[in-house]
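A.B. asks: One structure follows; several queries about it will come next.
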Amino acid sequence: MKEIILASASPRRRDLLTSLGLKFRVYATDVDESVDGVVTPEKLVGILSRRKAEAAAKIFPEAIIVAADTVVSARGEILGKPRDDSDAGRMLRMLSGGRHTVDTGLAVISDGKIYTDVVSTDVYMRKLREDEIEDYIKTGEPRDKAGAYGIQGLGGVFVTRIEGEYFNVTGMPKEATARLLGLAGVNIFAVNADT
């Protein structure tokens, strides 16, 4: 099988590919994340995941490239990673007691062909007390998370329900990742066969 390159430094994305039984190498791309004009969250993650995959494919043209980009959106605003603790507090107050959407764009490149998808999940969060927000920020967990929380960590205690795929909220939808890799010739069941 061809080498697989994960074009992301995200520990959660590494964990997801590992859970699929895949051997891969990490190469975090440094791409321009600015986009001209106003775009929807779905369009944004689609553009950025493709941009990351294409940048990695230039370095590893013979490999299978996997890239993703995730954003959280609420009340018409796209929430990336917080700039600082104050910004994390602002985001958590915005998400408190309501519904927000997590969108992840995926791009897989193999043999010059690109396979893409965008997956959306709605997340419902209970009303947060101010002391909970402050104490959660002190843990440091919100600092590197889109939307200032991690569902797979302590931030998961705020979530009351989700509509869509859980793994998408952690940064990489498992079903879509396996499906796109399958289109690129990677059979995850064959990789994991007990032979």
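The way I read the labels, and the way they are meant: chains A, B, ... in the order of the structure tokens, residue 1 as the first residue of every chain, and ligand 1 as the first ligand shown, with later ones counted on from there.
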As number ranges by chain, please: every residue in range 12-190 of chain A that DSSP puts in strand (DSSP E or B).
C.D. replies: A: 25-26, 64-74, 77-79, 99-110, 113-125, 159-163
A.B. asks: Please report as a tab-separated table every residue of range 48-141 of chain A lying within 10 Å of range 12-23 of chain A, along with the nearest atom pair and their distance in Å (one decimal), using only C-alpha atoms.
C.D. replies:
```
residue	atom	partner	partner_atom	distance
A:Val66	CA	A:Leu17	CA	9.5
A:Ala67	CA	A:Arg13	CA	9.3
A:Ala68	CA	A:Arg13	CA	8.5
```
A.B. asks: Compile the contact shell of range 94-99 of chain A as a PyMOL selection string: residues with an atom at most 12 Å away, counting only C-alpha atoms, same-chain residues fewer than 6 positions apart removed.
C.D. replies: chain A and resi 72-79+87-88+121-130+132-133+146-149+155+158-163
A.B. asks: Taking only C-alpha atoms into account, name the residue in A:Glu62, A:Asp131, A:Asp144, A:Glu42 that is nearest to Ile109 in chain A.
C.D. replies: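 Using only C-alpha atoms, Ile109 in chain A sits closest to A:Glu62.
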A.B. asks: What are the DSSP alpha helix (DSSP H) residues of range 117-177 of chain A, as a ChimeraX atom specification?
C.D. replies: /A:130-138,166-170,174-177
A.B. asks: List the spatial neighbours of Gly105 in chain A as a VMD selection string - criterion: any atom at most 6 Å away, only C-alpha atoms, same-chain residues fewer than 2 positions off excluded.
C.D. replies: chain A and resid 45 to 46 49 68 to 69 117 to 118
A.B. asks: Applying 9 Å and only C-alpha atoms, which residues near Ile65 in chain A remain after dropping the ones on its own chain fewer than 4 positions away? List them as a count of residues only.
C.D. replies: 15
A.B. asks: At what distance in Å, to one decimal, does CA of Ser8 in chain A lie from CA of Val191 in chain A?
C.D. replies: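 Value for the CA of Val191 in chain A-CA of Ser8 in chain A distance: 21.9 Å.
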A.B. asks: Tell me which of A:Gly112, A:Pro41, A:Gly185, A:Gly150 sits closest to Leu92 in chain A, counting only C-alpha atoms.
C.D. replies: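 Among A:Gly112, A:Pro41, A:Gly185, A:Gly150, it is A:Gly150 that comes nearest to Leu92 in chain A.
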